[in-house]
Every structure is written in C-alpha cells, then in structure tokens.
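What follows is the content of upload-v2.txt, which has compact mmCIF, C-alpha atoms:
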# COMPACT_ATOMS: atom_id res chain seq x y z
CA MET A 17 0.00 0.00 0.00
CA ASP A 18 1.24 3.49 -0.83
CA SER A 19 2.23 5.93 1.90
CA TYR A 20 0.04 8.92 2.81
CA SER A 21 2.31 11.24 0.80
CA ASP A 22 2.16 8.98 -2.27
CA ILE A 23 -1.63 8.88 -2.15
CA ILE A 24 -1.84 12.65 -1.78
CA LYS A 25 0.47 13.15 -4.77
CA LYS A 26 -1.79 10.97 -6.92
CA ARG A 27 -4.89 13.03 -6.12
CA ALA A 28 -5.85 16.36 -7.59
CA MET A 29 -4.48 19.26 -5.61
CA ALA A 30 -6.57 20.02 -2.56
CA GLY A 31 -7.09 23.44 -1.07
CA VAL A 32 -4.89 24.00 1.97
CA MET A 33 -5.34 26.55 4.76
CA ILE A 34 -3.17 26.89 7.88
CA PHE A 35 -4.38 28.65 11.02
CA ASN A 36 -2.36 29.61 14.08
CA ALA A 37 -3.51 29.06 17.67
CA GLY A 38 -5.52 32.29 17.51
CA LYS A 39 -7.47 31.01 14.45
CA GLU A 40 -5.74 33.52 12.20
CA LEU A 41 -5.30 32.34 8.63
CA ILE A 42 -1.56 32.51 7.97
CA TYR A 43 -1.38 30.51 4.74
CA VAL A 44 -3.78 29.68 1.92
CA ASN A 45 -2.88 28.06 -1.39
CA SER A 46 -4.45 28.94 -4.73
CA GLU A 47 -6.99 26.09 -4.65
CA ALA A 48 -8.26 27.04 -1.20
CA LYS A 49 -8.38 30.70 -2.24
CA LYS A 50 -10.70 29.79 -5.11
CA VAL A 51 -13.03 27.99 -2.67
CA LEU A 52 -13.00 30.94 -0.25
CA GLN A 53 -13.85 33.29 -3.11
CA LYS A 54 -16.82 31.12 -4.13
CA LEU A 55 -18.06 30.97 -0.54
CA ARG A 56 -17.79 34.74 -0.21
CA GLU A 57 -19.65 35.29 -3.47
CA ALA A 58 -22.41 32.88 -2.37
CA GLU A 59 -22.81 34.54 1.02
CA HIS A 60 -22.42 38.19 0.07
CA GLY A 61 -23.46 38.18 -3.57
CA GLU A 62 -20.24 39.81 -4.73
CA ILE A 63 -17.29 38.89 -6.89
CA ALA A 64 -14.11 38.49 -4.86
CA GLY A 65 -10.78 39.40 -6.40
CA ALA A 66 -8.79 36.54 -7.82
CA GLY A 67 -5.31 38.01 -7.38
CA GLY A 68 -3.02 38.15 -4.42
CA SER A 69 -0.34 36.03 -2.83
CA ASP A 70 -0.66 32.95 -0.64
CA ASN A 71 -0.58 35.11 2.49
CA GLY A 72 -4.04 34.54 3.95
CA SER A 73 -4.27 37.60 6.20
CA ARG A 74 -7.00 39.31 4.10
CA ALA A 75 -8.88 36.22 2.94
CA TYR A 76 -12.53 35.80 3.86
CA VAL A 77 -13.07 32.68 5.97
CA PRO A 78 -16.62 31.53 6.85
CA GLU A 79 -17.33 30.81 10.51
CA GLU A 80 -18.15 27.16 9.76
CA ILE A 81 -14.57 26.71 8.57
CA LEU A 82 -13.07 28.67 11.48
CA SER A 83 -15.11 26.61 13.93
CA LEU A 84 -13.23 23.50 12.79
CA CYS A 85 -10.19 24.76 14.72
CA ASP A 86 -12.17 24.69 17.98
CA GLU A 87 -13.83 21.38 17.11
CA LEU A 88 -10.46 19.78 16.41
CA LYS A 89 -9.07 21.01 19.73
CA ALA A 90 -12.08 19.55 21.57
CA HIS A 91 -11.74 16.29 19.62
CA ILE A 92 -8.08 15.92 20.60
CA GLU A 93 -8.96 16.52 24.26
CA GLU A 94 -11.63 13.80 24.03
CA GLN A 95 -9.10 11.40 22.51
CA LYS A 96 -6.66 12.11 25.36
CA ALA A 97 -9.41 11.35 27.88
CA GLU A 98 -9.99 7.96 26.23
CA GLU A 99 -6.34 6.88 26.19
CA GLY A 100 -6.91 4.54 29.14
CA LYS A 101 -9.67 2.62 27.38
CA ASP A 102 -9.04 -0.68 25.64
CA ARG A 103 -8.64 -0.98 21.90
CA GLU A 104 -12.24 -2.08 21.32
CA GLU A 105 -13.58 1.09 22.92
CA ARG A 106 -11.08 3.28 21.08
CA GLU A 107 -11.74 1.79 17.66
CA GLU A 108 -12.80 5.12 16.13
CA LYS A 109 -9.68 6.98 17.28
CA ARG A 110 -8.33 9.42 14.70
CA ASP A 111 -6.32 12.63 14.94
CA PHE A 112 -8.41 14.63 12.46
CA ILE A 113 -12.04 15.61 11.94
CA TYR A 114 -14.27 16.03 8.91
CA LYS A 115 -17.01 18.41 7.91
CA ASN A 116 -19.14 18.85 4.81
CA ILE A 117 -20.46 22.29 3.92
CA VAL A 118 -22.87 23.15 1.13
CA SER A 119 -22.89 26.54 -0.56
CA ASN A 120 -24.75 27.56 -3.69
CA GLU A 121 -25.34 23.88 -4.55
CA GLU A 122 -21.60 23.15 -4.21
CA ASP A 123 -20.64 20.47 -1.68
CA TYR A 124 -17.21 20.81 -0.03
CA PHE A 125 -15.37 18.19 2.00
CA LEU A 126 -13.10 19.61 4.72
CA ARG A 127 -10.54 17.85 6.91
CA ALA A 128 -8.91 19.52 9.94
CA ILE A 129 -5.52 18.14 11.00
CA PRO A 130 -3.34 19.22 13.96
CA MET A 131 0.17 20.40 13.16
CA HIS A 132 2.33 19.37 16.10
CA ARG A 133 5.20 21.44 17.45
CA ILE A 134 8.58 20.73 15.90
CA ASP A 135 10.28 21.19 19.27
CA GLY A 136 8.52 18.07 20.56
CA ALA A 137 6.34 19.93 23.05
CA SER A 138 2.86 18.54 23.60
CA GLY A 139 -0.13 19.98 21.81
CA ALA A 140 -0.63 21.35 18.30
CA SER A 141 0.74 24.76 17.37
CA HIS A 142 -1.31 25.17 14.19
CA THR A 143 -4.28 23.64 12.40
CA MET A 144 -4.23 22.66 8.75
CA ILE A 145 -7.57 22.45 6.95
CA THR A 146 -7.79 20.84 3.54
CA VAL A 147 -10.80 21.33 1.32
CA GLU A 148 -11.95 19.38 -1.72
CA ARG A 149 -15.03 19.70 -3.82
CA PHE A 150 -17.30 16.78 -2.99
CA SER A 151 -19.24 15.36 -5.93
CA THR A 152 -21.69 12.59 -6.69
CA ARG A 153 -18.65 10.68 -8.01
CA LEU A 154 -18.00 9.42 -4.46
CA THR A 155 -21.03 7.13 -4.62
CA ALA A 156 -19.72 5.51 -7.78
CA ASP A 157 -16.21 5.31 -6.30
CA ILE A 158 -17.46 3.54 -3.18
CA GLN A 159 -19.35 1.04 -5.32
CA LYS A 160 -16.14 0.42 -7.26
CA VAL A 161 -14.21 -0.18 -4.03
CA GLY A 162 -16.95 -2.46 -2.72
CA THR A 163 -16.75 -4.58 -5.85
CA LYS A 164 -12.96 -4.68 -5.82
CA PHE A 165 -12.75 -5.92 -2.22
CA GLU A 166 -15.88 -8.10 -2.41
CA LEU A 167 -17.78 -6.14 0.22
CA THR A 168 -21.41 -6.94 0.90
CA LYS A 169 -24.07 -4.37 0.09
CA ARG A 170 -24.31 -3.41 3.77
CA GLU A 171 -20.54 -3.19 4.15
CA THR A 172 -20.42 -0.89 1.13
CA GLN A 173 -23.06 1.35 2.74
CA VAL A 174 -21.05 1.45 5.96
CA LEU A 175 -17.84 2.24 4.05
CA LYS A 176 -19.57 5.18 2.38
CA GLY A 177 -20.37 6.58 5.81
CA VAL A 178 -16.79 6.08 7.02
CA ALA A 179 -15.43 7.80 3.89
CA ARG A 180 -17.67 10.78 4.65
CA GLY A 181 -16.15 10.99 8.13
CA LYS A 182 -19.26 9.77 9.94
CA SER A 183 -19.02 8.12 13.35
CA ASN A 184 -20.34 4.62 14.01
CA ARG A 185 -23.29 6.17 15.81
CA ASP A 186 -24.12 8.44 12.86
CA ILE A 187 -23.91 5.50 10.46
CA SER A 188 -26.13 3.36 12.67
CA VAL A 189 -28.84 6.04 12.67
CA VAL A 190 -28.81 6.40 8.88
CA LEU A 191 -28.84 2.64 8.23
CA PHE A 192 -31.26 1.78 11.08
CA ILE A 193 -28.88 -0.75 12.62
CA SER A 194 -27.19 -0.90 16.01
CA GLU A 195 -23.88 0.82 16.69
CA HIS A 196 -22.44 -2.58 17.66
CA THR A 197 -23.42 -3.96 14.24
CA VAL A 198 -21.68 -1.02 12.55
CA LYS A 199 -18.51 -1.80 14.54
CA ASP A 200 -18.66 -5.39 13.31
CA HIS A 201 -19.05 -4.23 9.72
CA VAL A 202 -16.14 -1.80 10.04
CA ARG A 203 -13.96 -4.56 11.47
CA ASN A 204 -14.87 -6.86 8.56
CA ILE A 205 -14.25 -4.11 6.01
CA MET A 206 -10.81 -3.39 7.47
CA HIS A 207 -9.96 -7.09 7.31
CA LYS A 208 -11.03 -7.37 3.66
CA MET A 209 -9.19 -4.18 2.68
CA GLY A 210 -6.04 -5.05 4.60
CA VAL A 211 -5.88 -2.11 7.01
CA ASN A 212 -6.12 -1.78 10.78
CA ASN A 213 -7.54 1.71 11.40
CA ARG A 214 -10.05 4.15 9.93
CA SER A 215 -7.41 6.59 8.68
CA LEU A 216 -5.77 3.93 6.52
CA LEU A 217 -9.21 2.69 5.46
CA ILE A 218 -10.04 6.10 4.00
CA CYS A 219 -6.64 6.27 2.32
CA ARG A 220 -7.27 2.82 0.84
CA VAL A 221 -10.54 4.13 -0.67
CA PHE A 222 -8.70 7.04 -2.32
CA GLU A 223 -5.86 4.79 -3.48
CA SER A 224 -8.27 2.27 -5.02
CA ASN A 225 -9.84 4.93 -7.21
CA GLN A 226 -6.60 6.01 -8.90
If you convert what's in this file into structure tokens, what do you get?
Amino acid sequence: MDSYSDIIKKRAMAGVMIFNAGKELIYVNSEAKKVLQKLREAEHGEIAGAGGSDNGSRAYVPEEILSLCDELKAHIEEQKAEEGKDREEREEKRDFIYKNIVSNEEDYFLRAIPMHRIDGASGASHTMITVERFSTRLTADIQKVGTKFELTKRETQVLKGVARGKSNRDISVVLFISEHTVKDHVRNIMHKMGVNNRSLLICRVFESNQ
C-alpha cells in the first residue's frame, strides 16, 4: 500500500489553509483561495478578487470553517481522555475531523488536522484544513471499491459513511442498525481491505480509485 504522501500526490491538488492558535489564517494556497472566493460570493453576492499572494491575512473565511479549529481542539482533548480505554472502545480513534459544507449547490469536503510542534512539546501549534469539492462521483467510487474488495451491500453502505467521516453512531442512525453492528461491519471491512484503522481505510478508498 502506498504511503500517505504517495496517495496525496496521486490526487488532484486540494485546497490548503493553515491557522495559528488564535485562528488567524496565515497561509492559503491557490486552490483554497478559489473555494473561499466562491463561498464569499455565495454569502455576500459579490465577486471576490482573484489576485493576491498565498498570504491569507486578508482572505474571507466563513465561521463554519473557522469553527473546525475549535472542534479539532475539543476532539483531541476527548481522545486524550480515552487513552486509558481498551482498543475495542477506542476503535474510532483518529487525529483529524471532517465536515461537509454546502454553498450555492456546491458540496465541499473539509478535513482539519493538527500540526504538532517541531520542538517536541505537547499539543498542536497550528491547524491545517484541507478542502476538496465533494461530488456525486464518491457514490460511484465507493461502489467500485466495494466490488474490488468483495464487500457486501451493507458493508459498502457502511464504508460510504466512514469515507464521509461519519461516526459509528451516525452510520447506525442512517442505516437503522445498532452501533455494535456497525462496529462489526467496520472490522470486517478493514480485514477485507487489509488495514487496521479508519485513517488507513479512507486512504485505501482514495488509493483504489486512482
């Protein structure tokens, strides 16, 4: 299986934003800038300028993106509180969070990731948020992955939820099955796809659609 960096290189460039501890946008690449411009136009009904450098100090950032910084911090604290639990109870552990936002009929998939201090001190110094346009293609991609790894229809439905960043509880509500049953399906999916955690499972989905 390819490494995270190899998988990322194979995919179309994602938008990247980096925020400091004060939620100030200190970096934004050209792809993310395009998304921010579209969100601004949708919310304010105006055309944002397309020029400028990658310095994000003047970029418009919607509150639902900014709030990911706080949500990620809370998520990390929750993970720390669960460190004493056994592996079964910590099965959903991951060091990033997802969110989908819809604007002007465009669906965007965001992932917030902590950027840890290079001096080895505990805690994250910055937050990186990647953004990709989320299309109906995912449904077809998940079906393709399900066929490739011989997943059952139910396992394919569960995998779709995992790929969207949903928790076992969220998936159980949508599929009208118990959370315990979802856990069993996730475990079976991981076994069939040759991975041992949800992060690698999602990477496997992306890799399998190259």
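Proximity of A:Glu171, A:Glu223, A:Asp186, A:Glu94 to His201 (chain A), computed with only C-alpha atoms, is greatest for A:Glu171.
Counting only C-alpha atoms, the residue from A:Ile158, A:Phe222, A:Arg180, A:Val174 that sits nearest to Lys199 (chain A) is A:Val174.
Separating CA of Met33 (chain A) from CA of Ser83 (chain A) is a distance of 13.4 Å.
Candidate residues A:Leu52, A:Leu175, A:Leu167, A:Ile34 were compared for distance to Glu79 (chain A), and the nearest is A:Leu52, using all atoms listed in the file.
Using only C-alpha atoms, the nearest neighbour of Glu47 (chain A) within the list A:Ser188, A:Asn204, A:Gln95, A:Thr146 is A:Thr146.
The space between CA of Ala97 (chain A) and CA of Ala128 (chain A) spans 19.7 Å.
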Legend entry - Residues near region 112-126 of chain A, cut-off 12 Å, only C-alpha atoms, skip fewer than 5 positions along chain, as a PyMOL selection string: chain A and resi 30-33+48+51-61+78-93+95+131+140+143-154+177-183+214-215+218
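Picture a line from CA of Pro130 (chain A) to CA of His142 (chain A); it runs 6.3 Å.
Of the listed residues A:Val161, A:Ile42, A:Ile129, A:Val77, the one whose atoms come nearest to Lys208 (chain A) is A:Val161, with distances taken using only C-alpha atoms.
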Inset, instruction - Choose the residue, out of A:Met209, A:Ile193, A:Ala75, A:Val198, that has the smallest atom-to-atom separation from Glu40 (chain A); count all atoms listed in the file. - result: A:Ala75
